[in-house]
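Visitor: Encoded as structure tokens, here's the structure I'll be asking about.
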Amino acid sequence: HLKSEELNNYWMPFTANRQFKGAPRLIAKAKGMYYWDDQGRQILDGIAGLWCCNVGHNHPRVVEAIQKQAGVLDYAPPFQMGNPLQFELANRLADITPGSLNKVFYTNSGSESVDTALKIAIAYHRARGEGSRVRLIGRERGYHGVGFGGIAVGGMVANRKMFGTLMAGTDHLPQTWNLKEQAYSHGQPAWGAHLADELERLVALHDASTIAAVIVEPVAGSAGVLIPPVGYLQRLREICDKHGILLIFDEVITGFGRLGTAFGSQALGVTPDLMTVAKGITSGTVPMGAVFAKDEIYDTFMSGPPHMIELFHGYTYSGHPLACAAGIAVQQVYQEEGLFQRAAELAPYFELAVHSLKGAPHVIDCRNLGLMGAVELQGRAGSPTAKAFEVFLKCYERGVLIRTTGDILAFTPSLIVQKAEIDRIFGTVREVLETVAA
Ligand code: PMP
């Protein structure tokens with residue numbers, strides 16, 4: 001039984017919900033780093049919409065591209081056909097993806113990208129005569145959207161509890177980080193690799209010949225910005241290679257400059273076999289997602305035996321002309337305004353700002369990578385999310401939008417954020433923390 005304010009927090013999509021009606025926060029307009037609500041209040045957006053509007057809101061270049069495209073081609077069927085924009089965007093994306101992740105499959109969201117990647121992984125093994133490889137491995141507290149595949153590999157237990165019987169064949173590695181683990185890691189530089197060795201335990205348990213893929217967020221977002229210890233992703237990569245398991249990075253949040261490089265993969269120095277994206281691909285404008293596959297993976301499942309007809313997959317709106325037009329314009333903005341580089345240059349300033357909250361009331365941890373930061377609060381006994389939600393509401397009243405996930409405050413501004421805006425976000429949070437009861 002959630003309290004009404006918690007319901008308000010968790011069930012935002014249901015805007016007709018009675019509790020929500022009591023305290024509406026309706027966003028009417030946006031520009032750059034700012035929102036305006038229906039009361040005309042200006043709000044500094046500290047989270048890029050929902051970790052997605054990386055070029056800032058209503059970028060003129062992107063607005064123009066969408067408007068123009070709407071008058072040229074509204075829609076074209078993606079099956080047995082295409083449109084030129086799909087290829088232009090694919091080429092631009094292949095230029096910035098790591099390694100040989102050159103093939104793209106378009107979807108409409110992060111959830112669809114995850115389900116698509118999991119299916120590609122299984123289809124790839126099958127095309128190579130390894131049809132027994134169907135088991136999928138995620139991580140505790142991992143978030144991979146709300147499709148059946150995504151909740152199966154996802155580690156938010158509450159989200160999948162009632163669907164449990166449909167999710168045979170999935171397993172979860174421990175999450176890489178919590179306060180206790182960090183304490184353990186002192187004096188143990190091998191901690192990251194040690195934690196990844198849990199995958200060997202699952203391989204021993206199930207046999208490698210039954211495992212299709214491991215999926216991880218390079219930095220876990222929804223769980224509260226959990227940064228992997230040094231050596232962790234490298235060791236996962238080694239173990240996957242050793243046993244022929246595909247490694248999938250879910251870069252829905254970490255993609256498109258968040259960590260100061262095009263993808264988290266490049267920031268953390270590990271290349272996956274498949275990569276899922278959404279959000280920043282169109283900077284939150286027209287809905288779009290994508291899966292990137294290594295050439296050899298794509299070629300294998302595309303040229304698989306005749307039974308590959310079983311692979312039928314794709315969405316009515318895959319590669320939608322408006323989404324592609326938005327995606328192309330957004331990629332141009334990233335490049336011409338040097339936004340990935342800008343994020344890298346701002347990261348040290350952002351880091352100081354995140355860590356300036358150390359010692360503020362209720363704060364038990366501060367962490368960040370690139371322009372992705374979080375501050376963990378000491379949860380209130382019996383209602384562990386109440387404090388963070390109170391901070392969220394009070395910041396909003398003061399004109400600053402932040403995000404809460406559990407008892408954690410998350411900060412992920414657009415890549416165009418100015419230093420003064422970073423100061424305002426963290427200054428407001430500090431001020432608000434002083435007013436929150438223990
Ligand atoms: N994967 C990750 C890592 C995400 O953070 C999210 C959304 N926050 C998703 C998948 C799901 O994306 P969507 O909401 O677009 O379906």
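To be explicit about the labels: the chains of the structure tokens are called A, B, and onward in the order shown, and within each one the residues are counted from 1, while ligands get numbers from 1 in the order they are shown.
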Within 7 Å of ligand 1, which residues show up when you count only C-alpha atoms and all ligand atoms? List them as a tab-separated table (two decimals) with C-alpha atoms, in the first residue's frame, please.
Guide:
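Just written: part29.tsv:
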chain	number	residue	atom	x	y	z
A	109	SER	CA	11.79	2.83	-27.62
A	110	GLY	CA	14.36	1.46	-25.24
A	111	SER	CA	12.07	-1.39	-24.24
A	112	GLU	CA	11.68	-2.47	-27.86
A	114	VAL	CA	16.07	-4.55	-25.48
A	143	TYR	CA	16.59	-1.78	-15.70
A	144	HIS	CA	15.89	-2.74	-19.27
A	145	GLY	CA	12.44	-1.36	-19.93
A	146	VAL	CA	9.02	-2.88	-19.57
A	217	GLU	CA	23.89	-1.17	-18.44
A	220	ALA	CA	23.17	1.35	-14.16
A	221	GLY	CA	20.82	4.34	-14.41
A	222	SER	CA	17.44	3.64	-12.87
A	250	ASP	CA	22.05	-1.40	-22.78
A	251	GLU	CA	23.09	2.15	-23.60
A	252	VAL	CA	19.63	3.69	-23.54
A	253	ILE	CA	20.88	6.22	-20.98
A	278	ALA	CA	16.89	5.10	-27.55
A	279	LYS	CA	16.40	8.47	-25.79
Visitor: Residues within 7 Å of segment 224-236 of chain A, please, as an MDAnalysis selection string. Count only C-alpha atoms; anything in the same chain fewer than 2 positions from it doesn't count.
Guide: chainID A and resid 176:177 192:193 195:196 219:222 238:240 270 373:374 405 408 410
Visitor: Just the alpha helix (DSSP H) stuff from segment 232-402 of chain A, please, per backbone DSSP, written as an MDAnalysis selection string.
Guide: chainID A and resid 232:243 264:268 295:302 321:336 339:355 386:397
Visitor: Could you list, as an MDAnalysis selection string, every residue within 10 Å of segment 424-430 of chain A, counting only C-alpha atoms and ignoring same-chain residues fewer than 3 positions away?
Guide: chainID A and resid 44:46 350 353:361 363 391:392 394:396 398:402 409 411 413 418:421 433:435
Visitor: Return as a list in words the full set of residues in segment 108-334 of chain A whose backbone-based DSSP assignment is strand (DSSP E).
Guide: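 Assigned to strand (DSSP E), within segment 108-334 of chain A: Arg135, Leu136, Ile137, Gly138, Arg139, Thr170, Asp171, His172, Leu173, Ile211, Ala212, Ala213, Val214, Ile215, Val216, Leu246, Leu247, Ile248, Phe249, Asp250, Leu274, Met275, Thr276, Val277, Gly289, Ala290, Val291, Phe292 and Ala293 of chain A.
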Visitor: Mind giving me the straight-line distance from atom CA of Val286 of chain A to atom CA of Ala323 of chain A in Å, one decimal?
Guide: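 Going from atom CA of Val286 of chain A over to atom CA of Ala323 of chain A, I get 5.0 Å.
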Visitor: What is the distance, in Å and to one decimal place, between atom CA of Val134 of chain A and atom CA of Ala204 of chain A?
Guide: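 We find that atom CA of Val134 of chain A and atom CA of Ala204 of chain A lie 15.8 Å from each other.
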Visitor: Excluding same-chain residues fewer than 3 positions from segment 156-165 of chain A, what lies within 9 Å of it counting only C-alpha atoms, as a PyMOL selection string?
Guide: chain A and resi 140-143+146+148+151-152+168+223
Visitor: Do you know which residues are at most 6 Å from Ala329 of chain A counting only C-alpha atoms, after dropping those on the same chain fewer than 3 positions away, and could you put them as a list in words?
Guide: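 Non-adjacent residues within range: Val62, Ala326 and Gln332 of chain A.
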Visitor: Taking only C-alpha atoms into account, name the residue in A:Leu93, A:Asp115, A:Met288, A:Leu268 that is nearest to His320 of chain A.
Guide: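 Checking each candidate against His320 of chain A, we get A:Met288 as the closest.
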Visitor: Of the candidates A:Cys324, A:Leu369, A:Ala438, A:Ala213, which one gets nearest to Phe87 of chain A if we count only C-alpha atoms?
Guide: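 Closest to Phe87 of chain A of all the choices is A:Cys324.
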Visitor: Let me make sure I understand: among A:Glu351, A:Asp365, A:Asp299, A:Glu397, which one has the smallest atom-to-atom distance to Thr412 of chain A if we use only C-alpha atoms?
Guide: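 Ranked by minimum distance to Thr412 of chain A, first place goes to A:Glu351.
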Visitor: Please compute the atom CA of Glu88 of chain A-atom CA of Asn58 of chain A distance, one decimal, in Å.
Guide: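 Spanning atom CA of Glu88 of chain A to atom CA of Asn58 of chain A is a straight-line distance of 22.2 Å.
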Visitor: Just want the 12 Å neighbourhood of Val72 of chain A, counted on only C-alpha atoms, with same-chain residues fewer than 5 positions away dropped. Output as an MDAnalysis selection string.
Guide: chainID A and resid 65:67 83 85 321:322 325
